[in-house]
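**Q** What follows is target_8.pdb; its format and atoms are PDB, C-alpha atoms.
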ATOM      1  CA  MET A   1       0.000   0.000   0.000
ATOM      2  CA  GLY A   2       3.003   2.320   0.349
ATOM      3  CA  ALA A   3       3.997   4.715   3.108
ATOM      4  CA  PHE A   4       1.101   6.168   5.052
ATOM      5  CA  ASP A   5       2.591   7.918   8.072
ATOM      6  CA  TYR A   6       5.355   7.496  10.596
ATOM      7  CA  ILE A   7       5.409   6.881  14.314
ATOM      8  CA  PRO A   8       8.352   8.079  16.407
ATOM      9  CA  LYS A   9      10.032   5.735  18.876
ATOM     10  CA  PRO A  10       9.289   4.988  21.600
ATOM     11  CA  PHE A  11       5.603   4.432  20.934
ATOM     12  CA  THR A  12       2.869   2.791  22.929
ATOM     13  CA  PRO A  13       0.599   0.002  21.729
ATOM     14  CA  ASP A  14      -2.303   2.486  21.732
ATOM     15  CA  GLU A  15      -0.404   4.876  19.452
ATOM     16  CA  LEU A  16       0.354   2.027  17.047
ATOM     17  CA  ARG A  17      -3.279   0.846  17.082
ATOM     18  CA  ALA A  18      -4.513   4.393  16.372
ATOM     19  CA  LEU A  19      -2.174   4.723  13.392
ATOM     20  CA  VAL A  20      -3.152   1.323  11.975
ATOM     21  CA  SER A  21      -6.830   2.094  12.527
ATOM     22  CA  ARG A  22      -6.500   5.307  10.544
ATOM     23  CA  ALA A  23      -4.662   3.497   7.756
ATOM     24  CA  ILE A  24      -7.333   0.863   7.205
ATOM     25  CA  LYS A  25     -10.536   2.907   7.556
ATOM     26  CA  PRO A  26     -12.781   2.126   4.580
ATOM     27  CA  ALA A  27     -12.979   4.782   1.853
ATOM     28  CA  GLU A  28     -16.221   6.665   1.296
ATOM     29  CA  ALA A  29     -18.358   6.106  -1.795
ATOM     30  CA  GLU A  30     -16.661   7.385  -4.973
ATOM     31  CA  ALA A  31     -19.310   9.978  -5.839
ATOM     32  CA  SER A  32     -19.246  11.452  -2.363
ATOM     33  CA  GLN A  33     -15.458  11.450  -2.386
ATOM     34  CA  VAL A  34     -15.250  13.328  -5.686
ATOM     35  CA  ALA A  35     -17.639  15.995  -4.381
ATOM     36  CA  GLN A  36     -15.679  16.387  -1.154
ATOM     37  CA  GLU A  37     -12.322  16.549  -2.945
ATOM     38  CA  SER A  38     -13.476  19.446  -5.085
ATOM     39  CA  GLU A  39     -14.526  21.326  -1.932
ATOM     40  CA  ALA A  40     -11.393  20.448   0.000
ATOM     41  CA  LYS A  41      -8.695  21.600  -2.431
ATOM     42  CA  ILE A  42      -5.843  23.345  -0.716
ATOM     43  CA  PRO A  43      -6.149  27.094  -1.271
ATOM     44  CA  PHE A  44      -3.434  28.865  -3.257
ATOM     45  CA  GLY A  45      -0.437  29.928  -1.193
ATOM     46  CA  TYR A  46      -1.092  27.633   1.762
ATOM     47  CA  TYR A  47       1.860  25.599   3.002
ATOM     48  CA  TYR A  48       1.268  22.046   4.118
ATOM     49  CA  LEU A  49       2.786  18.978   5.711
ATOM     50  CA  LEU A  50       1.514  16.203   3.460
ATOM     51  CA  GLY A  51      -1.289  14.266   5.093
ATOM     52  CA  HIS A  52      -1.244  16.211   8.369
ATOM     53  CA  THR A  53      -1.455  19.979   8.674
ATOM     54  CA  TRP A  54      -1.527  23.228   6.734
ATOM     55  CA  LEU A  55      -0.181  26.709   7.422
ATOM     56  CA  LYS A  56      -1.576  30.005   6.169
ATOM     57  CA  LEU A  57       0.759  32.937   6.703
ATOM     58  CA  GLU A  58      -0.781  36.088   8.161
ATOM     59  CA  ASN A  59       2.493  38.041   8.038
ATOM     60  CA  ASP A  60       6.252  37.364   8.213
ATOM     61  CA  GLU A  61       6.043  35.876  11.709
ATOM     62  CA  ARG A  62       2.481  34.670  12.275
ATOM     63  CA  GLY A  63       0.461  31.889  10.787
ATOM     64  CA  ILE A  64      -2.738  29.902  11.148
ATOM     65  CA  VAL A  65      -2.509  26.111  11.522
ATOM     66  CA  GLY A  66      -5.176  23.606  10.557
ATOM     67  CA  VAL A  67      -5.651  19.922   9.741
ATOM     68  CA  MET A  68      -5.587  18.547   6.186
ATOM     69  CA  PRO A  69      -8.942  17.138   5.029
ATOM     70  CA  ASP A  70      -7.385  13.795   4.010
ATOM     71  CA  PHE A  71      -6.088  13.335   7.565
ATOM     72  CA  LEU A  72      -9.581  13.980   8.933
ATOM     73  CA  LYS A  73     -11.178  11.557   6.456
ATOM     74  CA  SER A  74      -8.816   8.810   7.573
ATOM     75  CA  ILE A  75      -9.965   9.231  11.183
ATOM     76  CA  GLY A  76     -13.696   8.872  10.619
ATOM     77  CA  ILE A  77     -15.950  10.189  13.373
ATOM     78  CA  ILE A  78     -14.189  12.680  15.653
ATOM     79  CA  ALA A  79     -15.140  12.334  19.307
ATOM     80  CA  ASN A  80     -12.692  14.773  20.913
ATOM     81  CA  LEU A  81     -10.070  17.376  20.063
ATOM     82  CA  GLU A  82      -7.178  18.378  22.312
ATOM     83  CA  LEU A  83      -5.533  21.679  21.396
ATOM     84  CA  PRO A  84      -2.302  23.185  22.748
ATOM     85  CA  LYS A  85      -2.405  25.929  25.346
ATOM     86  CA  ILE A  86      -1.697  29.563  24.585
ATOM     87  CA  GLY A  87       2.008  30.151  25.187
ATOM     88  CA  ASP A  88       3.056  26.559  24.401
ATOM     89  CA  PHE A  89       6.132  26.242  22.209
ATOM     90  CA  ILE A  90       5.862  23.541  19.539
ATOM     91  CA  SER A  91       8.667  22.417  17.236
ATOM     92  CA  GLN A  92       8.118  21.502  13.597
ATOM     93  CA  GLY A  93       7.043  17.856  13.373
ATOM     94  CA  GLU A  94       6.013  17.624  17.033
ATOM     95  CA  VAL A  95       2.485  16.855  18.185
ATOM     96  CA  CYS A  96       0.434  20.054  18.116
ATOM     97  CA  ALA A  97      -3.018  18.530  18.655
ATOM     98  CA  LYS A  98      -4.651  15.205  19.423
ATOM     99  CA  ILE A  99      -7.840  13.912  17.874
ATOM    100  CA  THR A 100      -9.753  11.051  19.463
ATOM    101  CA  ASP A 101     -12.029   9.048  17.154
ATOM    102  CA  SER A 102     -15.259   7.236  17.975
ATOM    103  CA  ASP A 103     -13.277   4.035  18.647
ATOM    104  CA  ARG A 104     -11.258   5.964  21.280
ATOM    105  CA  PHE A 105      -8.040   5.861  19.259
ATOM    106  CA  VAL A 106      -5.905   8.987  19.674
ATOM    107  CA  HIS A 107      -4.407  10.420  16.479
ATOM    108  CA  HIS A 108      -1.453  12.809  16.708
ATOM    109  CA  VAL A 109      -1.395  15.908  14.529
ATOM    110  CA  TRP A 110       2.106  17.192  13.647
ATOM    111  CA  SER A 111       2.958  20.899  13.593
ATOM    112  CA  PRO A 112       4.009  22.296  10.202
ATOM    113  CA  VAL A 113       6.327  24.906  11.765
ATOM    114  CA  ALA A 114       8.004  25.733  15.066
ATOM    115  CA  GLY A 115       6.717  28.520  17.231
ATOM    116  CA  ARG A 116       4.653  29.747  20.146
ATOM    117  CA  VAL A 117       0.875  29.340  20.225
ATOM    118  CA  ILE A 118      -0.758  32.770  20.484
ATOM    119  CA  GLU A 119      -4.440  31.870  20.008
ATOM    120  CA  ILE A 120      -6.545  28.713  19.856
ATOM    121  CA  ASN A 121      -9.815  28.222  18.013
ATOM    122  CA  ILE A 122     -12.043  27.951  21.084
ATOM    123  CA  ASP A 123     -15.119  27.532  18.878
ATOM    124  CA  LEU A 124     -13.899  24.022  17.993
ATOM    125  CA  LEU A 125     -14.035  22.994  21.635
ATOM    126  CA  GLN A 126     -17.831  23.408  21.526
ATOM    127  CA  ASP A 127     -18.515  22.315  17.929
ATOM    128  CA  LEU A 128     -16.133  20.052  16.004
ATOM    129  CA  SER A 129     -18.038  20.228  12.703
ATOM    130  CA  PRO A 130     -16.009  23.138  11.203
ATOM    131  CA  LEU A 131     -12.934  20.849  11.243
ATOM    132  CA  SER A 132     -14.324  18.819   8.359
ATOM    133  CA  ARG A 133     -16.903  21.243   6.912
ATOM    134  CA  PHE A 134     -14.621  24.298   6.675
ATOM    135  CA  PRO A 135     -11.085  22.900   7.084
ATOM    136  CA  PHE A 136      -9.293  25.933   5.601
ATOM    137  CA  THR A 137     -11.263  28.692   7.291
ATOM    138  CA  ARG A 138     -13.380  28.307  10.447
ATOM    139  CA  GLY A 139     -11.930  24.845  11.113
ATOM    140  CA  TYR A 140      -8.400  26.038  11.882
ATOM    141  CA  LEU A 141      -6.763  24.765  15.098
ATOM    142  CA  PHE A 142      -4.672  27.675  16.347
ATOM    143  CA  LYS A 143      -2.532  30.669  15.458
ATOM    144  CA  MET A 144       1.157  30.762  16.183
ATOM    145  CA  GLU A 145       4.123  33.079  16.094
ATOM    146  CA  ALA A 146       6.793  31.206  14.146
ATOM    147  CA  SER A 147      10.322  31.091  15.523
ATOM    148  CA  ARG A 148      12.244  29.981  12.405
ATOM    149  CA  LEU A 149       9.726  30.384   9.634
ATOM    150  CA  GLN A 150      11.986  30.534   6.574
ATOM    151  CA  GLU A 151      13.869  27.396   7.603
ATOM    152  CA  ASP A 152      10.640  25.491   8.365
ATOM    153  CA  LEU A 153       8.962  26.529   5.096
ATOM    154  CA  GLU A 154      11.707  24.696   3.183
ATOM    155  CA  GLY A 155      10.341  21.413   4.555
ATOM    156  CA  LEU A 156       6.746  22.093   3.470
ATOM    157  CA  LEU A 157       4.846  21.867   0.212
ATOM    158  CA  VAL A 158       3.033  24.920  -1.137
ATOM    159  CA  ALA A 159      -0.340  24.887  -2.875
ATOM    160  CA  LYS A 160      -0.295  26.357  -6.380
TER     161      LYS A 160
END
Let's see the structure in the file written out as structure tokens.
**A**
Amino acid sequence: MGAFDYIPKPFTPDELRALVSRAIKPAEAEASQVAQESEAKIPFGYYYLLGHTWLKLENDERGIVGVMPDFLKSIGIIANLELPKIGDFISQGEVCAKITDSDRFVHHVWSPVAGRVIEINIDLLQDLSPLSRFPFTRGYLFKMEASRLQEDLEGLLVAK
């Protein structure tokens, strides 16, 4: 099937089960998938970590971070979302959020860049639907002040 994701060592059995669960979730019906893909195209100029997160720059130091729609589709039904706290420092590639699915598997979301969290999307804590319905706008996770933006952008893809 090819590479799907990676899991850093050491990992727990629960982390491995969550990753495998996400990898083998059945695909949605083809017609529904085609409709969703057309709605979920990555907007021009967004940076992204393939299969995990996206970054929209607000200025030279600040950006908005969200979850890629294909990552969310692989999870299925989202039961809970754990966001970082304001002031937390997160390095590129580290866990920046945790999503628990309806089977109680916890899926780690990797940060696209390093920096300090300056705002979280508190609306998501009351209603998770914008995560999948509006992944590139109202469904963002948090805003951050990047610490080494230019260096981190070299490791990301950019939507054209």
**Q** Determine the residue set returned by the PyMOL selection byres ((chain A and resi 119-123) around 12) for the present structure, and present it as a PyMOL selection string.
**A** chain A and resi 62-66+81-88+96-97+115-118+124-131+137-145
**Q** Create the file for the chosen residues now, containing C-alpha atoms and written as an mmCIF file, in the frame of the given file.
**A**
data_model
loop_
_atom_site.group_PDB
_atom_site.id
_atom_site.type_symbol
_atom_site.label_atom_id
_atom_site.label_comp_id
_atom_site.auth_asym_id
_atom_site.auth_seq_id
_atom_site.Cartn_x
_atom_site.Cartn_y
_atom_site.Cartn_z
ATOM 1 C CA ARG A 62 2.481 34.670 12.275
ATOM 2 C CA GLY A 63 0.461 31.889 10.787
ATOM 3 C CA ILE A 64 -2.738 29.902 11.148
ATOM 4 C CA VAL A 65 -2.509 26.111 11.522
ATOM 5 C CA GLY A 66 -5.176 23.606 10.557
ATOM 6 C CA LEU A 81 -10.070 17.376 20.063
ATOM 7 C CA GLU A 82 -7.178 18.378 22.312
ATOM 8 C CA LEU A 83 -5.533 21.679 21.396
ATOM 9 C CA PRO A 84 -2.302 23.185 22.748
ATOM 10 C CA LYS A 85 -2.405 25.929 25.346
ATOM 11 C CA ILE A 86 -1.697 29.563 24.585
ATOM 12 C CA GLY A 87 2.008 30.151 25.187
ATOM 13 C CA ASP A 88 3.056 26.559 24.401
ATOM 14 C CA CYS A 96 0.434 20.054 18.116
ATOM 15 C CA ALA A 97 -3.018 18.530 18.655
ATOM 16 C CA GLY A 115 6.717 28.520 17.231
ATOM 17 C CA ARG A 116 4.653 29.747 20.146
ATOM 18 C CA VAL A 117 0.875 29.340 20.225
ATOM 19 C CA ILE A 118 -0.758 32.770 20.484
ATOM 20 C CA LEU A 124 -13.899 24.022 17.993
ATOM 21 C CA LEU A 125 -14.035 22.994 21.635
ATOM 22 C CA GLN A 126 -17.831 23.408 21.526
ATOM 23 C CA ASP A 127 -18.515 22.315 17.929
ATOM 24 C CA LEU A 128 -16.133 20.052 16.004
ATOM 25 C CA SER A 129 -18.038 20.228 12.703
ATOM 26 C CA PRO A 130 -16.009 23.138 11.203
ATOM 27 C CA LEU A 131 -12.934 20.849 11.243
ATOM 28 C CA THR A 137 -11.263 28.692 7.291
ATOM 29 C CA ARG A 138 -13.380 28.307 10.447
ATOM 30 C CA GLY A 139 -11.930 24.845 11.113
ATOM 31 C CA TYR A 140 -8.400 26.038 11.882
ATOM 32 C CA LEU A 141 -6.763 24.765 15.098
ATOM 33 C CA PHE A 142 -4.672 27.675 16.347
ATOM 34 C CA LYS A 143 -2.532 30.669 15.458
ATOM 35 C CA MET A 144 1.157 30.762 16.183
ATOM 36 C CA GLU A 145 4.123 33.079 16.094
#
**Q** Which distance in Å separates CA of Leu49 in chain A and CA of Leu149 in chain A, to one decimal?
**A** 13.9 Å
**Q** Could you list, as a list in words, every residue matched by the PyMOL selection byres ((chain A and resi 12-25) around 6) in this structure?
**A**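 Output from the PyMOL selection byres ((chain A and resi 12-25) around 6), applied to this file: Phe11, Pro26, Ser74, Ile75, Phe105 and Val106 of chain A.
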**Q** Convert the current residue selection to file output with C-alpha atoms, as a tab-separated table (two decimals), keeping the file's coordinate frame.
**A**
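Saved the output as out_8.tsv:
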chain	number	residue	atom	x	y	z
A	11	PHE	CA	5.60	4.43	20.93
A	26	PRO	CA	-12.78	2.13	4.58
A	74	SER	CA	-8.82	8.81	7.57
A	75	ILE	CA	-9.96	9.23	11.18
A	105	PHE	CA	-8.04	5.86	19.26
A	106	VAL	CA	-5.90	8.99	19.67
**Q** Which is closest to Glu58 in chain A among A:Pro8, A:Gly93, A:Gly76, A:Gly45, if we use only C-alpha atoms?
**A**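 Comparing A:Pro8, A:Gly93, A:Gly76, A:Gly45 against Glu58 in chain A, the winner is A:Gly45.
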**Q** Identify which of the residues A:Lys98, A:Arg104, A:Lys160, A:Lys73 lies closest to Tyr47 in chain A, counting all atoms listed in the file when measuring atom-to-atom distances.
**A**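 Of A:Lys98, A:Arg104, A:Lys160, A:Lys73, the one nearest Tyr47 in chain A, counting all atoms listed in the file, is A:Lys160.
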**Q** Using all atoms listed in the file, which residue out of A:Asp101, A:Glu151, A:Leu157, A:Ile7 lies closest to Thr53 in chain A?
**A**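 When distances to Thr53 in chain A are compared using all atoms listed in the file, the smallest one comes from A:Leu157.
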**Q** Would you compute the distance between CA of Lys41 in chain A and CA of Gln92 in chain A? Give it in Å to one decimal.
**A** 23.2 Å
**Q** My list of candidates is A:Ile42, A:Ile90, A:Ala159, A:Val67. Which is closest to Ser147 in chain A when distances are computed with only C-alpha atoms?
**A**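 Of A:Ile42, A:Ile90, A:Ala159, A:Val67, the one nearest Ser147 in chain A, counting only C-alpha atoms, is A:Ile90.
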**Q** State, in Å with one decimal place, the distance from CA of Tyr48 in chain A to CA of Gln150 in chain A.
**A** 13.9 Å
**Q** Can you report as lines of an AutoDock Vina configuration file the centre and edge lengths in Å, to one decimal, of an axis-aligned box around the listed atoms of range 145-160 of chain A padded with 3 Å on each side?
**A**
center_x = 6.8
center_y = 27.2
center_z = 4.9
size_x = 20.2
size_y = 17.7
size_z = 28.5
